file target-v6.csv (CSV, C-alpha atoms and all ligand atoms)
chain,number,residue,atom,x,y,z
U,18,MET,CA,0.0,0.0,0.0
U,19,THR,CA,1.4,3.5,-0.9
U,20,GLN,CA,2.2,5.8,2.0
U,21,VAL,CA,-0.3,8.5,3.0
U,22,PRO,CA,1.5,11.9,3.2
U,23,VAL,CA,1.1,13.7,6.5
U,24,PHE,CA,1.0,17.5,6.9
U,25,ASP,CA,1.1,18.2,10.6
U,26,GLY,CA,0.0,21.1,12.8
U,27,HIS,CA,2.8,21.4,15.4
U,28,ASN,CA,6.3,20.4,16.2
U,29,ASP,CA,9.3,21.7,18.3
U,30,LEU,CA,12.3,20.7,16.1
U,31,LEU,CA,13.5,24.3,15.9
U,32,LEU,CA,13.8,24.4,19.7
U,33,ARG,CA,15.8,21.1,19.7
U,34,LEU,CA,18.2,22.5,17.0
U,35,TRP,CA,18.5,25.8,18.8
U,36,LYS,CA,19.6,24.1,22.0
U,37,ALA,CA,22.4,22.2,20.2
U,38,PRO,CA,24.6,24.8,18.5
U,39,GLY,CA,27.4,23.1,16.4
U,40,ARG,CA,25.5,19.9,16.1
U,41,ARG,CA,22.7,20.9,13.7
U,42,GLU,CA,23.9,19.0,10.7
U,43,GLU,CA,24.1,15.7,12.7
U,44,ILE,CA,20.7,16.3,14.2
U,45,PHE,CA,18.7,17.5,11.2
U,46,LEU,CA,20.5,16.3,8.1
U,47,THR,CA,22.2,13.0,9.2
U,48,GLY,CA,19.7,12.1,11.9
U,49,GLU,CA,20.7,10.7,15.2
U,50,GLY,CA,17.7,8.5,15.7
U,51,VAL,CA,16.8,10.2,19.0
U,52,TRP,CA,13.6,12.2,19.8
U,53,HIS,CA,11.2,12.4,16.9
U,54,LEU,CA,12.2,14.4,13.8
U,55,ASP,CA,15.0,14.6,11.3
U,56,LEU,CA,15.1,14.8,7.6
U,57,PRO,CA,15.8,11.0,6.9
U,58,ARG,CA,13.1,9.9,9.3
U,59,MET,CA,10.6,12.5,8.0
U,60,ARG,CA,11.0,11.0,4.6
U,61,ALA,CA,10.8,7.4,5.9
U,62,GLY,CA,7.6,8.2,7.8
U,63,GLY,CA,5.8,10.1,5.0
U,64,PHE,CA,6.0,13.4,6.9
U,65,ALA,CA,5.2,15.7,4.0
U,66,GLY,CA,5.4,18.9,6.0
U,67,GLY,CA,3.9,20.9,8.9
U,68,MET,CA,4.1,23.9,11.2
U,69,PHE,CA,7.5,24.4,12.8
U,70,ALA,CA,7.2,26.4,16.1
U,71,ILE,CA,9.5,29.1,17.3
U,72,TYR,CA,9.4,28.7,21.1
U,73,VAL,CA,11.3,30.6,23.8
U,74,PRO,CA,12.0,28.3,26.8
U,75,SER,CA,11.9,29.8,30.3
U,76,PRO,CA,15.3,30.3,31.8
U,77,HIS,CA,16.0,28.8,35.3
U,78,VAL,CA,13.2,26.3,35.1
U,79,GLY,CA,14.0,22.8,36.3
U,80,ASP,CA,14.8,20.1,33.9
U,81,ALA,CA,12.0,18.6,31.7
U,82,GLY,CA,12.5,15.3,33.6
U,83,GLY,CA,11.1,16.7,36.8
U,84,PHE,CA,8.2,18.3,34.9
U,85,MET,CA,7.4,15.0,33.2
U,86,ALA,CA,7.6,13.0,36.4
U,87,MET,CA,4.9,15.3,37.9
U,88,MET,CA,2.7,14.8,34.8
U,89,ASN,CA,3.1,11.0,35.2
U,90,ASN,CA,1.4,11.2,38.6
U,91,PRO,CA,-2.1,12.8,38.3
U,92,PRO,CA,-3.7,14.7,39.8
U,93,TYR,CA,-1.2,17.5,39.2
U,94,ASP,CA,-1.3,21.3,38.9
U,95,ILE,CA,2.1,22.6,37.7
U,96,PRO,CA,2.8,26.3,38.4
U,97,LEU,CA,3.6,28.3,35.3
U,98,PRO,CA,7.0,30.1,34.9
U,99,ALA,CA,7.1,33.9,35.0
U,100,MET,CA,6.7,36.2,32.0
U,101,ILE,CA,9.8,36.7,29.7
U,102,GLY,CA,10.8,40.1,28.5
U,103,GLN,CA,10.6,41.0,24.8
U,104,PRO,CA,14.3,41.8,24.1
U,105,GLU,CA,15.4,38.5,25.7
U,106,ALA,CA,12.6,36.5,23.8
U,107,ALA,CA,13.2,38.3,20.5
U,108,ALA,CA,16.9,37.2,20.4
U,109,VAL,CA,15.9,33.6,20.8
U,110,ALA,CA,13.0,33.8,18.3
U,111,LEU,CA,15.3,35.5,15.8
U,112,GLY,CA,17.8,32.6,16.2
U,113,GLN,CA,15.1,30.0,15.6
U,114,ALA,CA,13.7,31.8,12.6
U,115,GLY,CA,17.2,31.8,11.3
U,116,LEU,CA,17.4,28.0,11.8
U,117,PHE,CA,14.3,27.6,9.7
U,118,SER,CA,16.0,29.3,6.8
U,119,TRP,CA,19.2,27.3,7.5
U,120,MET,CA,17.2,24.1,7.2
U,121,GLU,CA,16.1,25.1,3.7
U,122,ARG,CA,19.6,26.0,2.6
U,123,ALA,CA,21.5,23.2,4.3
U,124,SER,CA,19.1,20.6,2.9
U,125,ASP,CA,19.6,21.8,-0.6
U,126,GLY,CA,15.8,22.2,-1.0
U,127,ALA,CA,14.8,18.9,0.5
U,128,PHE,CA,13.2,21.1,3.1
U,129,ARG,CA,11.3,24.1,1.8
U,130,GLY,CA,9.9,27.1,3.8
U,131,CYS,CA,6.3,27.7,2.5
U,132,ARG,CA,4.2,30.8,2.8
U,133,SER,CA,1.1,29.7,0.7
U,134,VAL,CA,-0.8,26.5,0.1
U,135,ALA,CA,0.3,26.6,-3.5
U,136,GLN,CA,3.9,26.4,-2.2
U,137,ILE,CA,3.0,23.6,0.2
U,138,ARG,CA,1.4,21.6,-2.7
U,139,ALA,CA,4.4,22.2,-5.0
U,140,ALA,CA,6.8,21.1,-2.3
U,141,MET,CA,4.8,17.9,-1.6
U,142,ALA,CA,4.6,17.2,-5.3
U,143,ALA,CA,8.4,17.5,-5.6
U,144,GLY,CA,8.9,15.2,-2.6
U,145,ALA,CA,10.3,18.0,-0.4
U,146,VAL,CA,9.3,18.6,3.2
U,147,ALA,CA,7.0,21.6,3.3
U,148,GLY,CA,7.6,23.7,6.4
U,149,VAL,CA,5.5,26.6,7.7
U,150,LEU,CA,6.9,29.0,10.3
U,151,HIS,CA,4.8,29.2,13.5
U,152,MET,CA,5.3,31.1,16.8
U,153,GLU,CA,4.2,29.5,20.0
U,154,GLY,CA,3.9,32.3,22.5
U,155,ALA,CA,4.3,35.9,21.3
U,156,GLU,CA,6.9,37.1,23.8
U,157,ALA,CA,9.2,38.2,21.0
U,158,ILE,CA,6.7,40.8,19.9
U,159,GLY,CA,6.2,44.0,21.9
U,160,ALA,CA,2.9,45.8,22.5
U,161,ASP,CA,3.6,48.0,19.5
U,162,LEU,CA,3.4,44.9,17.3
U,163,ASP,CA,6.2,46.2,15.1
U,164,ALA,CA,8.3,43.0,15.4
U,165,LEU,CA,5.3,41.0,14.1
U,166,HIS,CA,5.8,42.5,10.7
U,167,VAL,CA,9.5,41.5,10.7
U,168,PHE,CA,8.6,37.9,11.5
U,169,HIS,CA,5.8,38.0,8.9
U,170,ALA,CA,8.2,39.2,6.3
U,171,ALA,CA,10.5,36.3,7.3
U,172,GLY,CA,7.7,33.8,6.6
U,173,LEU,CA,5.7,33.6,9.8
U,174,ARG,CA,2.2,32.6,8.9
U,175,SER,CA,0.8,31.2,12.2
U,176,LEU,CA,1.0,32.6,15.7
U,177,GLY,CA,-0.3,31.6,19.2
U,178,PRO,CA,-0.5,34.6,21.6
U,179,VAL,CA,0.6,32.4,24.5
U,180,TRP,CA,2.3,29.2,25.3
U,181,SER,CA,0.9,28.4,28.7
U,182,ARG,CA,3.1,31.0,30.5
U,183,PRO,CA,1.5,34.5,30.7
U,184,THR,CA,2.4,37.2,28.1
U,185,ILE,CA,1.5,40.8,27.7
U,186,PHE,CA,-1.2,39.5,25.3
U,187,GLY,CA,-3.0,37.1,27.5
U,188,HIS,CA,-3.1,34.0,29.7
U,189,GLY,CA,-2.5,30.4,28.8
U,190,VAL,CA,-3.8,27.3,30.7
U,191,PRO,CA,-1.6,25.9,33.5
U,192,PHE,CA,-0.9,22.2,33.1
U,193,ARG,CA,-3.5,20.7,35.4
U,194,PHE,CA,-5.2,17.3,35.4
U,195,PRO,CA,-8.0,17.0,35.9
U,196,GLY,CA,-8.9,20.5,35.0
U,197,ASP,CA,-11.1,22.8,32.9
U,198,PRO,CA,-9.6,25.3,30.5
U,199,ASP,CA,-11.5,28.1,32.2
U,200,THR,CA,-8.5,29.1,34.3
U,201,GLY,CA,-8.3,32.9,34.4
U,202,PRO,CA,-8.6,36.3,32.6
U,203,GLY,CA,-8.8,36.6,28.8
U,204,LEU,CA,-6.8,38.6,26.2
U,205,THR,CA,-5.4,42.0,27.3
U,206,ALA,CA,-6.0,45.1,25.2
U,207,ALA,CA,-2.6,44.3,23.5
U,208,GLY,CA,-3.8,40.8,22.9
U,209,LYS,CA,-6.9,41.9,21.1
U,210,ALA,CA,-4.8,44.3,19.0
U,211,LEU,CA,-2.5,41.3,18.2
U,212,ALA,CA,-5.5,39.2,17.2
U,213,ARG,CA,-6.8,42.0,14.9
U,214,GLU,CA,-3.4,42.5,13.3
U,215,CYS,CA,-3.0,38.7,12.7
U,216,ALA,CA,-6.4,38.8,11.1
U,217,ALA,CA,-5.4,41.7,8.9
U,218,LEU,CA,-2.3,39.7,7.8
U,219,ARG,CA,-4.5,36.6,7.3
U,220,MET,CA,-2.3,34.6,9.6
U,221,VAL,CA,-3.4,31.6,11.7
U,222,PHE,CA,-4.2,32.8,15.3
U,223,ASP,CA,-3.6,29.6,17.3
U,224,MET,CA,-5.9,28.9,20.3
U,225,SER,CA,-3.9,25.9,21.6
U,226,HIS,CA,-2.7,26.8,25.1
U,227,LEU,CA,-5.1,29.8,25.4
U,228,ASN,CA,-7.6,29.6,28.3
U,229,ALA,CA,-11.4,29.7,27.9
U,230,ALA,CA,-11.7,33.5,28.4
U,231,GLY,CA,-9.1,34.2,25.8
U,232,PHE,CA,-10.8,31.8,23.4
U,233,ARG,CA,-14.1,33.7,23.9
U,234,ASP,CA,-12.4,37.0,23.4
U,235,THR,CA,-10.9,35.8,20.1
U,236,MET,CA,-14.3,34.5,19.0
U,237,ALA,CA,-15.8,37.9,19.6
U,238,LEU,CA,-13.2,39.7,17.6
U,239,SER,CA,-13.9,38.2,14.2
U,240,ASP,CA,-15.7,35.4,12.3
U,241,ARG,CA,-12.5,34.0,10.9
U,242,PRO,CA,-11.9,30.3,11.2
U,243,LEU,CA,-10.8,29.3,14.7
U,244,VAL,CA,-7.7,27.1,14.9
U,245,ALA,CA,-6.2,24.9,17.6
U,246,THR,CA,-3.1,23.4,16.1
U,247,HIS,CA,-2.4,20.8,18.8
U,248,SER,CA,-5.2,20.0,21.2
U,249,ASN,CA,-7.5,17.1,22.0
U,250,ALA,CA,-11.0,16.4,23.3
U,251,TRP,CA,-11.7,17.4,26.9
U,252,ALA,CA,-14.6,14.9,27.0
U,253,VAL,CA,-12.1,12.0,26.6
U,254,THR,CA,-9.1,13.5,28.6
U,255,PRO,CA,-10.1,16.3,31.1
U,256,SER,CA,-6.8,18.3,30.9
U,257,THR,CA,-6.8,22.1,30.9
U,258,ARG,CA,-5.0,21.8,27.5
U,259,ASN,CA,-7.9,20.0,25.8
U,260,LEU,CA,-11.0,21.5,24.1
U,261,THR,CA,-14.4,21.3,25.7
U,262,ASP,CA,-17.5,20.6,23.5
U,263,TRP,CA,-18.6,24.3,23.4
U,264,GLN,CA,-15.1,25.2,22.1
U,265,LEU,CA,-15.2,22.4,19.5
U,266,ASP,CA,-18.7,23.6,18.4
U,267,ALA,CA,-17.4,27.2,18.1
U,268,ILE,CA,-14.5,25.9,15.9
U,269,ALA,CA,-17.0,24.0,13.7
U,270,GLU,CA,-19.2,27.0,13.3
U,271,THR,CA,-16.3,29.1,12.0
U,272,ASP,CA,-15.1,26.3,9.7
U,273,GLY,CA,-11.8,26.1,11.5
U,274,ILE,CA,-9.7,23.1,12.4
U,275,VAL,CA,-8.2,21.1,15.3
U,276,GLY,CA,-4.9,19.1,15.1
U,277,LEU,CA,-4.8,15.9,17.2
U,278,ASN,CA,-2.0,16.2,19.7
U,279,PHE,CA,0.0,12.9,20.1
U,280,ALA,CA,1.2,13.8,23.6
U,281,THR,CA,0.3,11.0,25.9
U,282,VAL,CA,-0.8,13.4,28.7
U,283,PHE,CA,-3.5,14.8,26.4
U,284,LEU,CA,-4.5,11.4,24.9
U,285,ARG,CA,-4.7,9.1,27.9
U,286,PRO,CA,-8.0,9.3,29.8
U,287,ASP,CA,-6.0,8.9,33.0
U,288,GLY,CA,-3.8,12.0,32.1
U,289,ARG,CA,-0.5,10.1,32.7
U,290,GLU,CA,2.6,10.8,30.7
U,291,SER,CA,3.5,7.1,30.1
U,292,PRO,CA,4.0,6.0,26.5
U,293,ASP,CA,2.7,2.6,27.4
U,294,MET,CA,-0.7,2.8,25.7
U,295,GLY,CA,-2.5,1.3,22.7
U,296,TRP,CA,-4.5,2.9,19.9
U,297,GLU,CA,-7.9,3.0,21.6
U,298,PRO,CA,-7.5,6.4,23.3
U,299,VAL,CA,-6.2,7.9,20.0
U,300,VAL,CA,-9.3,6.7,18.0
U,301,ARG,CA,-11.6,7.8,20.8
U,302,HIS,CA,-10.3,11.3,20.6
U,303,LEU,CA,-10.5,11.3,16.8
U,304,ASP,CA,-14.1,9.9,16.9
U,305,HIS,CA,-15.1,12.6,19.3
U,306,LEU,CA,-13.4,15.4,17.4
U,307,ILE,CA,-15.0,14.2,14.1
U,308,ALA,CA,-18.5,13.9,15.8
U,309,ARG,CA,-18.3,17.6,17.0
U,310,LEU,CA,-16.3,19.1,14.1
U,311,GLY,CA,-17.2,17.0,11.1
U,312,GLU,CA,-14.8,15.0,8.9
U,313,ASP,CA,-13.4,18.2,7.2
U,314,ARG,CA,-12.1,20.0,10.3
U,315,VAL,CA,-9.8,17.5,12.0
U,316,GLY,CA,-6.1,17.0,11.3
U,317,PHE,CA,-2.9,16.0,13.2
U,318,GLY,CA,-0.9,18.3,15.5
U,319,SER,CA,1.8,15.8,16.6
U,320,ASP,CA,3.8,17.9,19.1
U,321,PHE,CA,6.8,15.8,17.9
U,322,ASP,CA,10.1,16.8,19.7
U,323,GLY,CA,8.0,18.5,22.4
U,324,ALA,CA,6.2,15.7,24.2
U,325,THR,CA,6.2,12.0,25.0
U,326,VAL,CA,4.1,10.1,22.3
U,327,PRO,CA,2.5,6.6,22.4
U,328,LYS,CA,4.9,3.7,22.0
U,329,GLY,CA,3.0,2.7,18.9
U,330,ILE,CA,4.0,5.9,17.2
U,331,GLY,CA,7.5,6.2,18.8
U,332,ASP,CA,8.8,8.9,16.4
U,333,VAL,CA,7.9,10.3,12.9
U,334,THR,CA,8.5,6.9,11.3
U,335,GLY,CA,5.5,5.6,13.3
U,336,LEU,CA,3.1,7.7,11.2
U,337,PRO,CA,2.3,4.7,8.9
U,338,ALA,CA,1.5,2.6,12.0
U,339,LEU,CA,-1.0,5.3,13.1
U,340,ILE,CA,-2.6,5.4,9.6
U,341,GLY,CA,-2.8,1.6,9.8
U,342,ALA,CA,-4.6,1.8,13.2
U,343,LEU,CA,-7.1,4.3,11.7
U,344,ARG,CA,-7.7,1.9,8.8
U,345,ALA,CA,-8.2,-1.0,11.3
U,346,HIS,CA,-10.7,1.2,13.2
U,347,GLY,CA,-12.8,1.5,10.0
U,348,TYR,CA,-11.8,4.9,8.6
U,349,ASP,CA,-11.9,4.7,4.8
U,350,ALA,CA,-9.2,6.0,2.5
U,351,PRO,CA,-10.9,9.4,1.7
U,352,LEU,CA,-11.3,10.2,5.4
U,353,ILE,CA,-7.7,9.2,6.2
U,354,ALA,CA,-6.4,11.4,3.4
U,355,LYS,CA,-8.4,14.3,4.9
U,356,LEU,CA,-7.1,13.7,8.4
U,357,ALA,CA,-3.5,13.2,7.2
U,358,HIS,CA,-3.1,16.3,5.1
U,359,GLY,CA,-6.3,17.4,3.1
U,360,ASN,CA,-8.0,19.2,5.9
U,361,TRP,CA,-5.0,21.2,7.0
U,362,LEU,CA,-4.3,22.3,3.4
U,363,ALA,CA,-8.0,23.3,2.9
U,364,ALA,CA,-8.1,25.1,6.3
U,365,LEU,CA,-4.9,27.1,5.5
U,366,GLU,CA,-6.4,28.0,2.1
U,367,ARG,CA,-9.5,29.4,3.9
U,368,ILE,CA,-7.4,31.4,6.3
U,369,TRP,CA,-4.5,32.6,4.1
U,370,GLY,CA,-6.4,32.8,0.8
U,371,GLY,CA,-5.3,31.1,-2.4
F,401,ZN,ZN,2.3,23.4,22.7

call {"tool": "encode", "arguments": {"input": "target-v6.csv", "output": "structure tokens", "more": "lines below"}}
Ligand code: ZN
result
Amino acid sequence: MTQVPVFDGHNDLLLRLWKAPGRREEIFLTGEGVWHLDLPRMRAGGFAGGMFAIYVPSPHVGDAGGFMAMMNNPPYDIPLPAMIGQPEAAAVALGQAGLFSWMERASDGAFRGCRSVAQIRAAMAAGAVAGVLHMEGAEAIGADLDALHVFHAAGLRSLGPVWSRPTIFGHGVPFRFPGDPDTGPGLTAAGKALARECAALRMVFDMSHLNAAGFRDTMALSDRPLVATHSNAWAVTPSTRNLTDWQLDAIAETDGIVGLNFATVFLRPDGRESPDMGWEPVVRHLDHLIARLGEDRVGFGSDFDGATVPKGIGDVTGLPALIGALRAHGYDAPLIAKLAHGNWLAALERIWGG
């Protein structure tokens, strides 16, 4: 059976590369076989492209191991790190935007930065990986929004106002299980201005990590398609990071899209971080998302290189196994093609224009 190409809503490869200066060729081009993504494994897994996130990590926060140990022992309620200043964040974001361009040049066109759906389709047709530049948390942009235009000119086509940590634009959800996304105040005046400016630029304004009040504020600002690049169904896994049914209904009403997050903490009904799980929770989330959103508004949002994923996926080369599980669950070929890439491309066309 021929491989189904996957266009994915979220990954953290840029952060991984940024953390390893001097080792980028080995990590991206050669591939070390650790974590989830590199060029050889993307090709092997049928990873046709996706959104590549710029993300500024909090300094002086304990190692990810401690964080993950807490998430493996629900219930948990992990305090969020403090805000990060714009100059500090902008330097990191600039570096990661530069790495995105480096990936294109260093791969001799095997990886292509894309700014339109036509460019994504052309890259996919040529067998190149189609990357779209995303920003997860807008700390690198000041209240004047001037830097937004620099990043847009550099190819940024998708932005989330917050990772979970607070910004001058709004408040994200703390990582809490069990918990509801209604966790605090909504968008600030600067956040509303940012949402309007992103709408004027026809960028994706990503609701993943935003709390319920911020979600409602964004809904009230425009009737553009609402997008959550990497979030799951709260009805299956009651994590603050997942979407409740009223949020899914609002996304359906605006003809938006949700990308299924492969992070075990958002897939497993018990909220644990352990990768030791089967396909059943994965298809339960997809069934629920499809029931609320319809077959045309659900895609993938892997969180590769940013989260622990089920052992059946393992890394990007596990995408064909995931597709096989969906087939075994009874999804037909047209639906699988929509989930794997068709719905993301159609949604981006609705948001960006032709
Ligand atoms: Zn995220």

call {"tool": "closest_atom_pairs", "arguments": {"input": "target-v6.csv", "of": "segment 137-178 of chain U", "to": "segment 108-126 of chain U", "cutoff": "10 Å", "atoms": "only C-alpha atoms", "output": "Markdown table"}}
result
| residue | atom | partner | partner_atom | distance |
| --- | --- | --- | --- | --- |
| U:Ala140 | CA | U:Gly126 | CA | 9.2 |
| U:Ala143 | CA | U:Gly126 | CA | 9.9 |
| U:Gly144 | CA | U:Gly126 | CA | 10.0 |
| U:Ala145 | CA | U:Gly126 | CA | 6.9 |
| U:Val146 | CA | U:Gly126 | CA | 8.5 |
| U:Ala147 | CA | U:Glu121 | CA | 9.8 |
| U:Gly148 | CA | U:Phe117 | CA | 8.4 |
| U:Val149 | CA | U:Phe117 | CA | 9.1 |
| U:Leu150 | CA | U:Phe117 | CA | 7.6 |
| U:His151 | CA | U:Ala114 | CA | 9.3 |
| U:Met152 | CA | U:Ala110 | CA | 8.3 |
| U:Glu153 | CA | U:Ala110 | CA | 9.9 |
| U:Ala155 | CA | U:Ala110 | CA | 9.4 |
| U:Glu156 | CA | U:Ala110 | CA | 8.9 |
| U:Ala157 | CA | U:Ala110 | CA | 6.4 |
| U:Ile158 | CA | U:Ala110 | CA | 9.6 |
| U:Val167 | CA | U:Leu111 | CA | 9.8 |
| U:Phe168 | CA | U:Ala114 | CA | 8.0 |
| U:Ala171 | CA | U:Ala114 | CA | 7.7 |
| U:Gly172 | CA | U:Ala114 | CA | 8.7 |
| U:Leu173 | CA | U:Ala114 | CA | 8.7 |

call {"tool": "write_last_selection", "arguments": {"input": "target-v6.csv", "atoms": "C-alpha atoms", "output": "short mmCIF file (atom, residue, chain, number, x, y, z; two decimals), keeping the file's coordinate frame"}}
result
data_model
loop_
_atom_site.label_atom_id
_atom_site.label_comp_id
_atom_site.auth_asym_id
_atom_site.auth_seq_id
_atom_site.Cartn_x
_atom_site.Cartn_y
_atom_site.Cartn_z
CA ALA U 140 6.80 21.10 -2.30
CA ALA U 143 8.40 17.50 -5.60
CA GLY U 144 8.90 15.20 -2.60
CA ALA U 145 10.30 18.00 -0.40
CA VAL U 146 9.30 18.60 3.20
CA ALA U 147 7.00 21.60 3.30
CA GLY U 148 7.60 23.70 6.40
CA VAL U 149 5.50 26.60 7.70
CA LEU U 150 6.90 29.00 10.30
CA HIS U 151 4.80 29.20 13.50
CA MET U 152 5.30 31.10 16.80
CA GLU U 153 4.20 29.50 20.00
CA ALA U 155 4.30 35.90 21.30
CA GLU U 156 6.90 37.10 23.80
CA ALA U 157 9.20 38.20 21.00
CA ILE U 158 6.70 40.80 19.90
CA VAL U 167 9.50 41.50 10.70
CA PHE U 168 8.60 37.90 11.50
CA ALA U 171 10.50 36.30 7.30
CA GLY U 172 7.70 33.80 6.60
CA LEU U 173 5.70 33.60 9.80
#

call {"tool": "closest_atom_pairs", "arguments": {"input": "target-v6.csv", "of": "chain U", "to": "ligand ZN 401 (chain F)", "cutoff": "12 Å", "atoms": "only C-alpha atoms and all ligand atoms", "output": "Markdown table"}}
result
| residue | atom | partner | partner_atom | distance |
| --- | --- | --- | --- | --- |
| U:Gly26 | CA | F:ZN401 | ZN | 10.4 |
| U:His27 | CA | F:ZN401 | ZN | 7.6 |
| U:Asn28 | CA | F:ZN401 | ZN | 8.2 |
| U:Asp29 | CA | F:ZN401 | ZN | 8.4 |
| U:Leu32 | CA | F:ZN401 | ZN | 11.9 |
| U:Met68 | CA | F:ZN401 | ZN | 11.7 |
| U:Phe69 | CA | F:ZN401 | ZN | 11.2 |
| U:Ala70 | CA | F:ZN401 | ZN | 8.8 |
| U:Ile71 | CA | F:ZN401 | ZN | 10.7 |
| U:Tyr72 | CA | F:ZN401 | ZN | 9.0 |
| U:Val73 | CA | F:ZN401 | ZN | 11.6 |
| U:Pro74 | CA | F:ZN401 | ZN | 11.6 |
| U:His151 | CA | F:ZN401 | ZN | 11.2 |
| U:Met152 | CA | F:ZN401 | ZN | 10.2 |
| U:Glu153 | CA | F:ZN401 | ZN | 6.9 |
| U:Gly154 | CA | F:ZN401 | ZN | 9.0 |
| U:Leu176 | CA | F:ZN401 | ZN | 11.6 |
| U:Gly177 | CA | F:ZN401 | ZN | 9.3 |
| U:Pro178 | CA | F:ZN401 | ZN | 11.6 |
| U:Val179 | CA | F:ZN401 | ZN | 9.3 |
| U:Trp180 | CA | F:ZN401 | ZN | 6.4 |
| U:Ser181 | CA | F:ZN401 | ZN | 7.9 |
| U:Arg182 | CA | F:ZN401 | ZN | 10.9 |
| U:Gly189 | CA | F:ZN401 | ZN | 10.5 |
| U:Val190 | CA | F:ZN401 | ZN | 10.8 |
| U:Pro191 | CA | F:ZN401 | ZN | 11.8 |
| U:Phe192 | CA | F:ZN401 | ZN | 10.9 |
| U:Asp223 | CA | F:ZN401 | ZN | 10.1 |
| U:Met224 | CA | F:ZN401 | ZN | 10.2 |
| U:Ser225 | CA | F:ZN401 | ZN | 6.8 |
| U:His226 | CA | F:ZN401 | ZN | 6.5 |
| U:Leu227 | CA | F:ZN401 | ZN | 10.1 |
| U:Ala245 | CA | F:ZN401 | ZN | 10.0 |
| U:Thr246 | CA | F:ZN401 | ZN | 8.5 |
| U:His247 | CA | F:ZN401 | ZN | 6.6 |
| U:Ser248 | CA | F:ZN401 | ZN | 8.4 |
| U:Asn249 | CA | F:ZN401 | ZN | 11.7 |
| U:Arg258 | CA | F:ZN401 | ZN | 8.9 |
| U:Asn259 | CA | F:ZN401 | ZN | 11.2 |
| U:Gly276 | CA | F:ZN401 | ZN | 11.3 |
| U:Leu277 | CA | F:ZN401 | ZN | 11.7 |
| U:Asn278 | CA | F:ZN401 | ZN | 8.9 |
| U:Phe279 | CA | F:ZN401 | ZN | 11.1 |
| U:Ala280 | CA | F:ZN401 | ZN | 9.7 |
| U:Phe283 | CA | F:ZN401 | ZN | 11.0 |
| U:Gly318 | CA | F:ZN401 | ZN | 9.4 |
| U:Ser319 | CA | F:ZN401 | ZN | 9.8 |
| U:Asp320 | CA | F:ZN401 | ZN | 6.7 |
| U:Phe321 | CA | F:ZN401 | ZN | 10.1 |
| U:Asp322 | CA | F:ZN401 | ZN | 10.6 |
| U:Gly323 | CA | F:ZN401 | ZN | 7.5 |
| U:Ala324 | CA | F:ZN401 | ZN | 8.8 |

call {"tool": "atom_distance", "arguments": {"input": "target-v6.csv", "atom1": "atom CA of Leu265 of chain U", "atom2": "atom CA of Asp240 of chain U"}}
result
14.9 Å

call {"tool": "closest_residue", "arguments": {"input": "target-v6.csv", "among": "U:Asn89, U:Phe232, U:Trp296, U:Val282", "to": "Ala338 of chain U", "atoms": "all atoms listed in the file"}}
result
U:Trp296

call {"tool": "atom_distance", "arguments": {"input": "target-v6.csv", "atom1": "atom CA of Phe45 of chain U", "atom2": "atom CA of Met294 of chain U"}}
result
28.3 Å

call {"tool": "residues_around", "arguments": {"input": "target-v6.csv", "residues": "Leu356 of chain U", "least_positions_apart": "3", "cutoff": "8 Å", "atoms": "all atoms listed in the file", "output": "NGL selection string"}}
result
:U and (312-313 or 315-317 or 352-353 or 359-361)

call {"tool": "atom_distance", "arguments": {"input": "target-v6.csv", "atom1": "atom CA of Arg301 of chain U", "atom2": "atom CA of Thr200 of chain U"}}
result
25.4 Å

call {"tool": "residues_around", "arguments": {"input": "target-v6.csv", "residues": "His53 of chain U", "least_positions_apart": "3", "cutoff": "9 Å", "atoms": "only C-alpha atoms", "output": "list in words"}}
result
Leu30, Gly50, Arg58, Met59, Phe321, Asp322, Gly323, Gly331, Asp332, Val333 and Thr334 of chain U
